[in-house]
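Just protein-v7.txt here, compact mmCIF, C-alpha atoms:
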# COMPACT_ATOMS: atom_id res chain seq x y z
CA MET A 718 14.74 -112.58 25.03
CA LYS A 719 11.21 -113.86 24.42
CA LYS A 720 10.25 -112.92 27.97
CA LEU A 721 11.30 -109.35 27.24
CA LEU A 722 9.72 -109.03 23.80
CA LEU A 723 6.35 -110.60 24.52
CA PRO A 724 5.20 -108.02 27.09
CA PHE A 725 6.09 -105.15 24.76
CA PHE A 726 4.15 -106.40 21.75
CA LEU A 727 1.31 -107.59 23.98
CA LEU A 728 1.24 -104.08 25.41
CA ILE A 729 1.14 -102.57 21.90
CA TYR A 730 -1.86 -104.74 21.06
CA MET A 731 -3.61 -103.82 24.30
CA VAL A 732 -2.94 -100.10 23.87
CA LEU A 733 -4.07 -100.02 20.26
CA THR A 734 -7.26 -101.96 20.91
CA ALA A 735 -8.04 -99.83 23.96
CA TYR A 736 -7.91 -96.59 22.00
CA GLN A 737 -9.22 -97.89 18.66
CA LYS A 738 -12.87 -97.13 18.03
CA PRO A 739 -14.90 -100.05 16.66
CA GLY A 740 -15.87 -100.03 13.01
CA LYS A 741 -14.21 -98.36 10.05
CA PRO A 742 -10.93 -96.57 10.90
CA ALA A 743 -10.79 -92.79 10.60
CA PRO A 744 -9.35 -91.49 7.31
CA VAL A 745 -6.66 -89.66 9.28
CA SER A 746 -5.60 -90.13 12.89
CA LEU A 747 -2.79 -89.30 15.26
CA ILE A 748 -1.28 -91.65 17.82
CA VAL A 749 0.92 -90.73 20.78
CA LEU A 750 4.03 -92.92 20.58
CA GLY A 751 5.91 -91.44 23.53
CA THR A 752 5.52 -88.86 26.28
CA ILE A 753 8.89 -88.78 28.10
CA GLN A 754 11.73 -86.23 27.96
CA ASP A 755 14.91 -86.94 25.97
CA GLY A 756 16.80 -88.83 28.69
CA GLY A 757 14.06 -91.41 29.13
CA SER A 758 12.57 -93.03 32.19
CA PRO A 759 14.38 -94.54 34.01
CA HIS A 760 17.02 -91.86 33.63
CA MET A 761 20.71 -92.74 33.62
CA GLY A 762 22.31 -92.06 37.00
CA CYS A 763 19.01 -91.49 38.79
CA ASN A 764 18.76 -93.30 42.12
CA LYS A 765 15.56 -91.61 43.26
CA ASN A 766 12.28 -93.42 43.75
CA CYS A 767 11.08 -92.17 40.34
CA CYS A 768 13.64 -94.42 38.59
CA ARG A 769 15.13 -96.93 41.02
CA TYR A 770 12.49 -99.63 40.56
CA LEU A 771 12.22 -99.09 36.79
CA PHE A 772 15.77 -100.25 36.08
CA THR A 773 14.82 -103.78 37.06
CA HIS A 774 11.10 -103.56 36.24
CA PRO A 775 10.82 -101.37 33.12
CA ASP A 776 7.54 -99.77 32.11
CA TYR A 777 7.24 -100.27 28.34
CA ARG A 778 4.90 -97.31 28.07
CA ARG A 779 7.70 -94.92 28.96
CA LYS A 780 8.91 -93.95 25.50
CA VAL A 781 10.58 -90.68 24.53
CA VAL A 782 8.20 -88.08 23.09
CA SER A 783 6.90 -88.88 19.61
CA LEU A 784 3.71 -88.68 17.57
CA GLY A 785 2.59 -90.75 14.60
CA VAL A 786 0.16 -89.66 11.88
CA ILE A 787 -1.81 -92.23 9.90
CA ASP A 788 -3.55 -91.48 6.60
CA SER A 789 -5.66 -94.59 6.14
CA GLN A 790 -7.26 -93.28 2.98
CA ASN A 791 -3.91 -92.92 1.19
CA GLN A 792 -2.18 -95.68 3.17
CA GLN A 793 0.67 -93.50 4.39
CA THR A 794 2.23 -92.83 7.79
CA TRP A 795 4.53 -90.16 9.22
CA LEU A 796 6.60 -90.03 12.36
CA PHE A 797 7.22 -86.88 14.38
CA GLU A 798 10.58 -87.05 16.19
CA ALA A 799 13.33 -89.63 15.71
CA THR A 800 13.86 -90.72 19.30
CA PRO A 801 16.15 -93.27 20.95
CA ASP A 802 12.99 -95.42 21.10
CA MET A 803 12.34 -95.16 17.37
CA PRO A 804 12.59 -98.90 16.54
CA ALA A 805 9.69 -99.69 18.87
CA GLN A 806 7.78 -96.57 17.85
CA ALA A 807 8.11 -97.29 14.13
CA LYS A 808 6.82 -100.81 14.74
CA MET A 809 3.93 -99.49 16.79
CA LEU A 810 3.04 -97.01 14.03
CA LYS A 811 3.13 -99.81 11.47
CA ILE A 812 0.83 -101.99 13.58
CA ALA A 813 -1.50 -99.09 14.35
CA SER A 814 -1.91 -98.26 10.68
CA GLY A 815 -3.38 -101.64 9.83
CA PHE A 816 -1.98 -101.40 6.28
CA GLN A 817 1.71 -100.51 6.44
CA GLN A 818 3.93 -103.19 4.91
CA LYS A 819 7.35 -101.57 5.10
CA GLU A 820 9.20 -100.97 8.36
CA THR A 821 9.72 -97.24 7.91
CA PRO A 822 7.16 -94.42 7.76
CA ASP A 823 6.67 -92.32 4.64
CA GLY A 824 8.47 -89.45 6.32
CA ILE A 825 10.06 -88.32 9.57
CA PHE A 826 9.79 -84.79 10.98
CA VAL A 827 12.34 -83.63 13.55
CA THR A 828 11.98 -80.57 15.77
CA HIS A 829 15.60 -79.88 16.79
CA ALA A 830 19.05 -81.25 17.55
CA HIS A 831 18.65 -82.39 21.15
CA ILE A 832 19.26 -86.07 21.79
CA GLY A 833 15.68 -87.22 22.23
CA HIS A 834 14.48 -85.71 18.98
CA TYR A 835 16.87 -86.82 16.23
CA THR A 836 19.29 -89.52 17.41
CA GLY A 837 16.85 -92.29 16.46
CA LEU A 838 17.96 -91.64 12.89
CA MET A 839 20.96 -93.83 13.71
CA TYR A 840 18.72 -96.89 13.42
CA LEU A 841 18.29 -96.15 9.72
CA GLY A 842 22.06 -96.47 9.15
CA LYS A 843 23.98 -99.35 7.62
CA GLU A 844 24.81 -100.78 11.07
CA ALA A 845 21.06 -101.24 11.59
CA LEU A 846 18.20 -101.13 9.04
CA ASN A 847 20.26 -99.63 6.18
CA SER A 848 17.14 -97.91 4.93
CA LYS A 849 16.70 -96.39 1.49
CA SER A 850 16.03 -92.67 1.20
CA VAL A 851 13.56 -92.20 4.04
CA PRO A 852 12.25 -88.62 3.66
CA THR A 853 13.46 -86.67 6.69
CA TYR A 854 12.09 -83.16 7.15
CA ALA A 855 14.31 -80.57 8.81
CA MET A 856 14.71 -76.82 9.16
CA PRO A 857 17.78 -75.11 7.57
CA ARG A 858 20.17 -75.28 10.55
CA MET A 859 19.00 -78.79 11.43
CA LYS A 860 19.49 -79.89 7.82
CA THR A 861 23.00 -78.39 7.73
CA PHE A 862 23.84 -80.07 11.03
CA LEU A 863 22.90 -83.49 9.65
CA GLU A 864 24.74 -82.88 6.38
CA ASN A 865 28.01 -81.74 7.95
CA ASN A 866 28.49 -83.76 11.13
CA GLY A 867 29.28 -87.43 11.55
CA PRO A 868 27.84 -89.93 11.96
CA TRP A 869 24.71 -88.25 10.61
CA ASN A 870 26.25 -87.14 7.32
CA GLN A 871 26.85 -90.81 6.48
CA LEU A 872 23.08 -91.32 6.53
CA VAL A 873 22.90 -88.58 3.91
CA SER A 874 25.86 -89.66 1.77
CA ILE A 875 24.74 -93.28 1.40
CA ASN A 876 21.07 -92.31 1.04
CA ASN A 877 19.69 -93.88 4.19
CA ILE A 878 17.73 -90.66 4.55
CA ALA A 879 16.64 -88.06 2.01
CA LEU A 880 16.61 -84.64 3.63
CA GLN A 881 13.62 -82.44 2.87
CA ALA A 882 14.08 -78.72 3.57
CA LEU A 883 11.53 -76.90 5.70
CA GLN A 884 10.97 -73.18 6.11
CA ASN A 885 9.39 -71.40 9.04
CA GLU A 886 5.60 -71.23 8.70
CA GLN A 887 5.68 -72.63 5.16
CA PRO A 888 3.18 -75.51 4.91
CA VAL A 889 4.14 -78.89 3.50
CA ILE A 890 1.35 -80.80 1.74
CA LEU A 891 1.81 -84.49 2.51
CA SER A 892 -1.39 -85.73 0.90
CA ASN A 893 -4.85 -84.50 0.03
CA ASN A 894 -5.63 -85.10 3.71
CA ILE A 895 -2.62 -83.74 5.62
CA LYS A 896 -0.73 -80.46 5.83
CA VAL A 897 2.18 -79.79 8.20
CA THR A 898 3.55 -76.36 9.09
CA PRO A 899 6.76 -75.82 11.12
CA ILE A 900 6.73 -72.93 13.61
CA ILE A 901 9.96 -71.66 15.18
CA VAL A 902 9.94 -71.51 18.98
CA PRO A 903 12.64 -70.22 21.37
CA HIS A 904 14.70 -72.98 22.92
CA ARG A 905 18.35 -73.81 23.66
CA ASP A 906 19.43 -73.68 20.05
CA GLU A 907 23.07 -74.72 20.38
CA LEU A 908 23.13 -76.91 17.26
CA SER A 909 19.93 -76.10 15.37
CA GLU A 910 16.81 -74.02 15.50
CA THR A 911 13.77 -75.48 17.27
CA VAL A 912 10.29 -75.82 15.83
CA GLY A 913 6.89 -77.00 16.83
CA TYR A 914 4.47 -78.32 14.23
CA LYS A 915 0.88 -77.59 13.28
CA ILE A 916 -0.59 -80.77 11.83
CA GLU A 917 -3.83 -80.36 9.88
CA GLY A 918 -6.11 -83.20 8.87
CA PRO A 919 -9.37 -83.07 6.91
CA ASN A 920 -11.37 -82.04 9.98
CA LYS A 921 -9.08 -81.15 12.87
CA LYS A 922 -5.77 -79.45 13.67
CA ILE A 923 -3.08 -80.26 16.21
CA LEU A 924 -0.35 -78.09 17.70
CA PHE A 925 2.76 -79.99 18.79
CA ILE A 926 5.35 -78.08 20.84
CA PRO A 927 7.35 -80.55 22.95
CA ASP A 928 10.12 -78.03 23.78
CA ILE A 929 10.07 -74.29 24.41
CA ASN A 930 11.89 -72.05 26.87
CA LYS A 931 9.05 -69.95 28.31
CA TRP A 932 5.77 -68.93 26.70
CA ALA A 933 6.52 -65.21 27.27
CA LEU A 934 9.66 -65.48 25.10
CA TRP A 935 7.72 -66.69 22.05
CA ASN A 936 6.69 -64.14 19.43
CA LYS A 937 3.26 -65.77 19.37
CA ASP A 938 0.47 -65.89 21.93
CA ILE A 939 -0.09 -69.47 23.10
CA ILE A 940 -3.70 -68.65 23.99
CA HIS A 941 -4.32 -67.50 20.42
CA GLU A 942 -2.56 -70.58 19.03
CA ILE A 943 -4.68 -72.92 21.16
CA ALA A 944 -7.81 -71.20 19.87
CA GLY A 945 -6.83 -72.11 16.31
CA VAL A 946 -6.50 -75.88 16.87
CA ASN A 947 -8.47 -78.80 18.25
CA TYR A 948 -5.63 -80.30 20.29
CA ALA A 949 -2.43 -78.79 21.69
CA PHE A 950 0.33 -81.18 22.81
CA VAL A 951 2.65 -78.81 24.67
CA ASP A 952 5.80 -78.79 26.78
CA GLY A 953 5.13 -80.24 30.23
CA THR A 954 8.73 -81.20 31.03
CA PHE A 955 8.60 -80.15 34.68
CA TYR A 956 5.60 -79.84 36.95
CA SER A 957 7.47 -77.27 39.04
CA GLY A 958 11.01 -76.27 39.93
CA GLU A 959 10.86 -78.28 43.14
CA GLU A 960 11.58 -81.56 41.36
CA ILE A 961 15.00 -80.41 40.09
CA GLN A 962 17.45 -80.11 42.98
CA THR A 963 20.74 -81.12 41.34
CA ARG A 964 20.60 -78.97 38.17
CA ASN A 965 20.53 -75.24 37.57
CA ILE A 966 17.03 -74.79 36.20
CA ALA A 967 18.17 -71.65 34.32
CA GLU A 968 20.30 -73.91 32.10
CA ILE A 969 17.32 -76.08 31.12
CA PRO A 970 14.40 -73.63 30.87
CA HIS A 971 10.92 -74.93 30.20
CA PRO A 972 7.47 -73.62 31.15
CA PHE A 973 6.55 -75.43 34.35
CA ILE A 974 3.14 -77.04 34.21
CA ILE A 975 2.08 -74.88 37.15
CA GLU A 976 3.10 -71.79 35.13
CA SER A 977 1.19 -72.91 32.06
CA MET A 978 -1.92 -73.67 34.10
CA LYS A 979 -1.74 -70.20 35.67
CA LEU A 980 -1.28 -68.56 32.27
CA LEU A 981 -4.25 -70.47 30.81
CA ALA A 982 -6.45 -70.36 33.90
CA GLY A 983 -8.88 -67.87 32.36
CA LEU A 984 -9.70 -70.01 29.35
CA PRO A 985 -13.17 -71.50 29.07
CA ALA A 986 -13.42 -75.22 29.81
CA ARG A 987 -13.57 -76.22 26.12
CA GLU A 988 -10.24 -74.46 25.46
CA LYS A 989 -8.52 -75.91 28.51
CA ALA A 990 -9.60 -79.39 27.41
CA LYS A 991 -7.57 -78.98 24.22
CA VAL A 992 -4.31 -78.80 26.18
CA TYR A 993 -2.37 -82.04 26.63
CA PHE A 994 0.90 -81.76 28.52
CA ILE A 995 3.69 -83.96 27.11
CA HIS A 996 7.52 -84.44 27.19
CA PHE A 997 7.78 -85.33 30.88
CA ASN A 998 11.10 -85.36 32.70
CA HIS A 999 11.69 -88.57 34.64
CA THR A 1000 11.15 -86.57 37.85
CA ASN A 1001 7.76 -85.22 36.80
CA PRO A 1002 5.09 -86.56 39.18
CA VAL A 1003 2.31 -86.32 36.57
CA ILE A 1004 3.70 -89.47 34.94
CA ASP A 1005 1.86 -91.24 37.76
CA PRO A 1006 -1.84 -90.67 36.96
CA LYS A 1007 -2.71 -91.12 40.65
CA SER A 1008 -0.30 -88.48 41.92
CA PRO A 1009 -1.71 -85.32 43.54
CA GLN A 1010 -0.05 -83.27 40.79
CA ALA A 1011 -1.69 -85.28 37.97
CA LEU A 1012 -5.05 -85.00 39.68
CA THR A 1013 -4.55 -81.25 40.03
CA VAL A 1014 -3.91 -80.93 36.28
CA LEU A 1015 -7.14 -82.76 35.52
CA LYS A 1016 -9.10 -80.87 38.18
CA ASN A 1017 -7.98 -77.61 36.56
CA GLY A 1018 -9.48 -78.76 33.25
CA PHE A 1019 -6.28 -79.70 31.41
CA ARG A 1020 -5.12 -83.09 30.20
CA ILE A 1021 -2.06 -85.32 30.28
CA ALA A 1022 -0.91 -87.08 27.10
CA GLN A 1023 -0.93 -90.87 27.35
CA PHE A 1024 1.13 -93.44 25.49
CA GLY A 1025 -1.07 -95.03 22.83
CA GLN A 1026 -3.65 -92.24 22.87
CA ARG A 1027 -5.28 -91.86 19.48
CA VAL A 1028 -7.33 -88.97 18.07
CA GLU A 1029 -9.04 -88.41 14.74
CA LEU A 1030 -7.94 -85.64 12.43
How does the structure come out when it is put into structure tokens?
Amino acid sequence: MKKLLLPFFLLIYMVLTAYQKPGKPAPVSLIVLGTIQDGGSPHMGCNKNCCRYLFTHPDYRRKVVSLGVIDSQNQQTWLFEATPDMPAQAKMLKIASGFQQKETPDGIFVTHAHIGHYTGLMYLGKEALNSKSVPTYAMPRMKTFLENNGPWNQLVSINNIALQALQNEQPVILSNNIKVTPIIVPHRDELSETVGYKIEGPNKKILFIPDINKWALWNKDIIHEIAGVNYAFVDGTFYSGEEIQTRNIAEIPHPFIIESMKLLAGLPAREKAKVYFIHFNHTNPVIDPKSPQALTVLKNGFRIAQFGQRVEL
């Protein structure tokens, strides 16, 4: 067990120190706690080269998509997405804060009811941490889903979580430094609606949209939305349709990275540099920073979100 745990926490230390600027910490910052699609990497049942080696030699940087927000001034933290990797991500957020004493953040925001975005809530249950009233922010359908379906409703009934209702485009003031606004996006909404989040700090704004069907189906203009923020962490699930040969891509629609780059090709360099692709399927070649596809993304002026990346807000 020690051989397994040591590399992970050593990695956390290395990642945090690599991205941490020397001197006084920023009043508010954001840290990338995961970049991978819901099913993880390696992906169950995958025998391709993208996963085969990882089953026996796991890469501890491959966590399911999640962001953490740290308000150093008010000594508070928030987690965006409750993933299957949430125990490690909550610990990483605690370490990154430099002040957090408790094991849970001051609030958790979920985007929708697909497995990589809410199932980490199970670790707050009585079989695990048995937490006490962790504020959990959810849209109306998502809130109803958690309240009326087991095992999630047990988290509500015994007060492991305290659901906080969100409304589309209605800001939530978390502190004098941070405001969060949910924004509905089109996605496969079988069990709940899907939102992205605009996260506003004292000086900068971030757009976080890990899942969306296609940009043309949204009632907003992604180019306009990028113009209104400093960073945009957006759906980069698939580089192109070529990587999915065993699934009907129409059943799992996402904007391919090549489509997004074409759509945003006319942006000036400073706007392109705001765009960080995230939420990578296990097949996505951009996970490998040396791949031709990853190098193409960078050559075109866009960026690829990295585990442990930290930006000031």
Subject >> Residue with smallest distance to A:Ala986 - pool A:Phe1019, A:Phe950, A:Phe955, A:Phe826, counting only C-alpha atoms >> reply: A:Phe1019
Near A:Ile974, within 12 Å and counting all atoms listed in the file, which residues show up once chain neighbours fewer than 4 positions away are dropped, as a short mmCIF file (atom, residue, chain, number, x, y, z; two decimals) with C-alpha atoms, keeping the file's coordinate frame?
data_model
loop_
_atom_site.label_atom_id
_atom_site.label_comp_id
_atom_site.auth_asym_id
_atom_site.auth_seq_id
_atom_site.Cartn_x
_atom_site.Cartn_y
_atom_site.Cartn_z
CA LYS A 931 9.05 -69.95 28.31
CA TRP A 932 5.77 -68.93 26.70
CA VAL A 951 2.65 -78.81 24.67
CA ASP A 952 5.80 -78.79 26.78
CA GLY A 953 5.13 -80.24 30.23
CA THR A 954 8.73 -81.20 31.03
CA PHE A 955 8.60 -80.15 34.68
CA TYR A 956 5.60 -79.84 36.95
CA SER A 957 7.47 -77.27 39.04
CA GLY A 958 11.01 -76.27 39.93
CA GLU A 959 10.86 -78.28 43.14
CA GLU A 960 11.58 -81.56 41.36
CA MET A 978 -1.92 -73.67 34.10
CA LYS A 979 -1.74 -70.20 35.67
CA LEU A 980 -1.28 -68.56 32.27
CA LEU A 981 -4.25 -70.47 30.81
CA ALA A 982 -6.45 -70.36 33.90
CA VAL A 992 -4.31 -78.80 26.18
CA TYR A 993 -2.37 -82.04 26.63
CA PHE A 994 0.90 -81.76 28.52
CA ILE A 995 3.69 -83.96 27.11
CA HIS A 996 7.52 -84.44 27.19
CA PHE A 997 7.78 -85.33 30.88
CA ASN A 998 11.10 -85.36 32.70
CA ASN A 1001 7.76 -85.22 36.80
CA PRO A 1002 5.09 -86.56 39.18
CA VAL A 1003 2.31 -86.32 36.57
CA GLN A 1010 -0.05 -83.27 40.79
CA ALA A 1011 -1.69 -85.28 37.97
CA THR A 1013 -4.55 -81.25 40.03
CA VAL A 1014 -3.91 -80.93 36.28
CA LEU A 1015 -7.14 -82.76 35.52
CA ASN A 1017 -7.98 -77.61 36.56
CA PHE A 1019 -6.28 -79.70 31.41
CA ARG A 1020 -5.12 -83.09 30.20
CA ILE A 1021 -2.06 -85.32 30.28
#
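Using all atoms listed in the file, the shortest contact distance between A:Val889 and any of A:Gly824, A:Gly945, A:Gly837, A:Pro927 is found at A:Gly824.
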**OP:** Find the spatial neighbours of A:Leu934, counting only C-alpha atoms, within a cut-off of 12 Å - ignore same-chain residues fewer than 2 positions away - and output them as number ranges by chain.
**Re:** A: 901-904, 929-932, 936-939, 970-972
Counting only C-alpha atoms, which residues come within 8 Å of (3.4, -86.5, 17.6), with the point read in the file's coordinates, and could you list them as a PDB file with C-alpha atoms, in the frame of the given file?
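Everything below was put into out_18.pdb:
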ATOM      1  CA  LEU A 747      -2.790 -89.300  15.260  1.00  0.00           C
ATOM      2  CA  ILE A 748      -1.280 -91.650  17.820  1.00  0.00           C
ATOM      3  CA  VAL A 749       0.920 -90.730  20.780  1.00  0.00           C
ATOM      4  CA  LEU A 750       4.030 -92.920  20.580  1.00  0.00           C
ATOM      5  CA  VAL A 782       8.200 -88.080  23.090  1.00  0.00           C
ATOM      6  CA  SER A 783       6.900 -88.880  19.610  1.00  0.00           C
ATOM      7  CA  LEU A 784       3.710 -88.680  17.570  1.00  0.00           C
ATOM      8  CA  GLY A 785       2.590 -90.750  14.600  1.00  0.00           C
ATOM      9  CA  VAL A 786       0.160 -89.660  11.880  1.00  0.00           C
ATOM     10  CA  LEU A 796       6.600 -90.030  12.360  1.00  0.00           C
ATOM     11  CA  PHE A 797       7.220 -86.880  14.380  1.00  0.00           C
ATOM     12  CA  GLU A 798      10.580 -87.050  16.190  1.00  0.00           C
ATOM     13  CA  PHE A 925       2.760 -79.990  18.790  1.00  0.00           C
TER      14      PHE A 925
END
Original post:
Counting all atoms listed in the file, which residues come within 8 Å of (16.6, -89.2, 21.3), with the point read in the file's coordinates, and could you list them as a list of chain:residue names?
Top reply: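 Within the cut-off we find A:Asp755, A:Gly756, A:Val781, A:Ala799, A:Thr800, A:Pro801, A:Asp802, A:His831, A:Ile832, A:Gly833, A:His834, A:Tyr835, A:Thr836, A:Gly837.
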**OP:** Name the closest residue to A:Ala944 among the candidates A:Ala879, A:Leu984, A:Ile975, A:Ile916; distances are taken between atoms, counting only C-alpha atoms.
**Re:**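 Closest to A:Ala944, using only C-alpha atoms: A:Leu984.
Of the residues listed (A:Glu907, A:Gly1018, A:Lys921, A:His999), A:His999 shows the shortest atom-to-atom separation from A:Asn766; distances use only C-alpha atoms.
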Please write N, CA and C atoms of stretch 769-794 of chain A, from the structure given just now, as a PDB file, in the first residue's frame.
ATOM      1  N   ARG A 769      -3.834   0.041 -22.475  1.00  0.00           N
ATOM      2  CA  ARG A 769      -3.304  -1.271 -22.094  1.00  0.00           C
ATOM      3  C   ARG A 769      -2.205  -1.168 -21.043  1.00  0.00           C
ATOM      4  N   TYR A 770      -1.247  -0.307 -21.253  1.00  0.00           N
ATOM      5  CA  TYR A 770      -0.107  -0.185 -20.341  1.00  0.00           C
ATOM      6  C   TYR A 770      -0.518   0.447 -19.012  1.00  0.00           C
ATOM      7  N   LEU A 771      -1.536   1.319 -19.039  1.00  0.00           N
ATOM      8  CA  LEU A 771      -1.921   2.064 -17.850  1.00  0.00           C
ATOM      9  C   LEU A 771      -2.574   1.203 -16.776  1.00  0.00           C
ATOM     10  N   PHE A 772      -3.127   0.053 -17.149  1.00  0.00           N
ATOM     11  CA  PHE A 772      -3.737  -0.811 -16.141  1.00  0.00           C
ATOM     12  C   PHE A 772      -2.693  -1.340 -15.156  1.00  0.00           C
ATOM     13  N   THR A 773      -1.510  -1.564 -15.623  1.00  0.00           N
ATOM     14  CA  THR A 773      -0.445  -2.069 -14.748  1.00  0.00           C
ATOM     15  C   THR A 773       0.533  -0.977 -14.325  1.00  0.00           C
ATOM     16  N   HIS A 774       0.522   0.144 -15.044  1.00  0.00           N
ATOM     17  CA  HIS A 774       1.402   1.266 -14.713  1.00  0.00           C
ATOM     18  C   HIS A 774       0.575   2.555 -14.745  1.00  0.00           C
ATOM     19  N   PRO A 775      -0.273   2.759 -13.738  1.00  0.00           N
ATOM     20  CA  PRO A 775      -1.180   3.915 -13.770  1.00  0.00           C
ATOM     21  C   PRO A 775      -0.446   5.245 -13.743  1.00  0.00           C
ATOM     22  N   ASP A 776      -1.053   6.227 -14.423  1.00  0.00           N
ATOM     23  CA  ASP A 776      -0.563   7.598 -14.417  1.00  0.00           C
ATOM     24  C   ASP A 776      -1.447   8.374 -13.444  1.00  0.00           C
ATOM     25  N   TYR A 777      -0.905   8.793 -12.319  1.00  0.00           N
ATOM     26  CA  TYR A 777      -1.700   9.420 -11.268  1.00  0.00           C
ATOM     27  C   TYR A 777      -2.200  10.815 -11.642  1.00  0.00           C
ATOM     28  N   ARG A 778      -1.736  11.332 -12.753  1.00  0.00           N
ATOM     29  CA  ARG A 778      -2.231  12.618 -13.224  1.00  0.00           C
ATOM     30  C   ARG A 778      -3.564  12.474 -13.954  1.00  0.00           C
ATOM     31  N   ARG A 779      -3.942  11.288 -14.290  1.00  0.00           N
ATOM     32  CA  ARG A 779      -5.152  11.068 -15.093  1.00  0.00           C
ATOM     33  C   ARG A 779      -6.379  10.964 -14.191  1.00  0.00           C
ATOM     34  N   LYS A 780      -6.849  12.114 -13.766  1.00  0.00           N
ATOM     35  CA  LYS A 780      -8.045  12.219 -12.930  1.00  0.00           C
ATOM     36  C   LYS A 780      -9.204  12.754 -13.763  1.00  0.00           C
ATOM     37  N   VAL A 781     -10.412  12.359 -13.371  1.00  0.00           N
ATOM     38  CA  VAL A 781     -11.610  12.813 -14.071  1.00  0.00           C
ATOM     39  C   VAL A 781     -11.792  14.316 -13.852  1.00  0.00           C
ATOM     40  N   VAL A 782     -12.389  14.970 -14.839  1.00  0.00           N
ATOM     41  CA  VAL A 782     -12.401  16.434 -14.916  1.00  0.00           C
ATOM     42  C   VAL A 782     -12.956  17.104 -13.656  1.00  0.00           C
ATOM     43  N   SER A 783     -12.188  18.046 -13.123  1.00  0.00           N
ATOM     44  CA  SER A 783     -12.585  18.766 -11.911  1.00  0.00           C
ATOM     45  C   SER A 783     -11.718  20.010 -11.769  1.00  0.00           C
ATOM     46  N   LEU A 784     -12.312  21.055 -11.201  1.00  0.00           N
ATOM     47  CA  LEU A 784     -11.582  22.268 -10.869  1.00  0.00           C
ATOM     48  C   LEU A 784     -11.741  22.555  -9.379  1.00  0.00           C
ATOM     49  N   GLY A 785     -10.747  23.196  -8.803  1.00  0.00           N
ATOM     50  CA  GLY A 785     -10.842  23.669  -7.427  1.00  0.00           C
ATOM     51  C   GLY A 785     -10.621  25.176  -7.395  1.00  0.00           C
ATOM     52  N   VAL A 786     -11.348  25.852  -6.524  1.00  0.00           N
ATOM     53  CA  VAL A 786     -11.183  27.295  -6.346  1.00  0.00           C
ATOM     54  C   VAL A 786     -10.761  27.551  -4.906  1.00  0.00           C
ATOM     55  N   ILE A 787      -9.738  28.368  -4.752  1.00  0.00           N
ATOM     56  CA  ILE A 787      -9.156  28.653  -3.440  1.00  0.00           C
ATOM     57  C   ILE A 787      -9.239  30.151  -3.152  1.00  0.00           C
ATOM     58  N   ASP A 788      -9.921  30.506  -2.085  1.00  0.00           N
ATOM     59  CA  ASP A 788      -9.976  31.893  -1.614  1.00  0.00           C
ATOM     60  C   ASP A 788      -9.069  31.986  -0.390  1.00  0.00           C
ATOM     61  N   SER A 789      -7.826  32.329  -0.625  1.00  0.00           N
ATOM     62  CA  SER A 789      -6.847  32.387   0.466  1.00  0.00           C
ATOM     63  C   SER A 789      -7.174  33.487   1.457  1.00  0.00           C
ATOM     64  N   GLN A 790      -7.733  34.568   0.972  1.00  0.00           N
ATOM     65  CA  GLN A 790      -8.052  35.696   1.839  1.00  0.00           C
ATOM     66  C   GLN A 790      -9.093  35.318   2.883  1.00  0.00           C
ATOM     67  N   ASN A 791     -10.116  34.570   2.468  1.00  0.00           N
ATOM     68  CA  ASN A 791     -11.182  34.149   3.379  1.00  0.00           C
ATOM     69  C   ASN A 791     -11.028  32.715   3.880  1.00  0.00           C
ATOM     70  N   GLN A 792      -9.949  32.067   3.455  1.00  0.00           N
ATOM     71  CA  GLN A 792      -9.644  30.691   3.843  1.00  0.00           C
ATOM     72  C   GLN A 792     -10.831  29.759   3.583  1.00  0.00           C
ATOM     73  N   GLN A 793     -11.244  29.725   2.318  1.00  0.00           N
ATOM     74  CA  GLN A 793     -12.314  28.854   1.866  1.00  0.00           C
ATOM     75  C   GLN A 793     -11.926  28.197   0.548  1.00  0.00           C
ATOM     76  N   THR A 794     -12.483  27.010   0.298  1.00  0.00           N
ATOM     77  CA  THR A 794     -12.247  26.313  -0.965  1.00  0.00           C
ATOM     78  C   THR A 794     -13.563  25.756  -1.498  1.00  0.00           C
TER      79      THR A 794
END
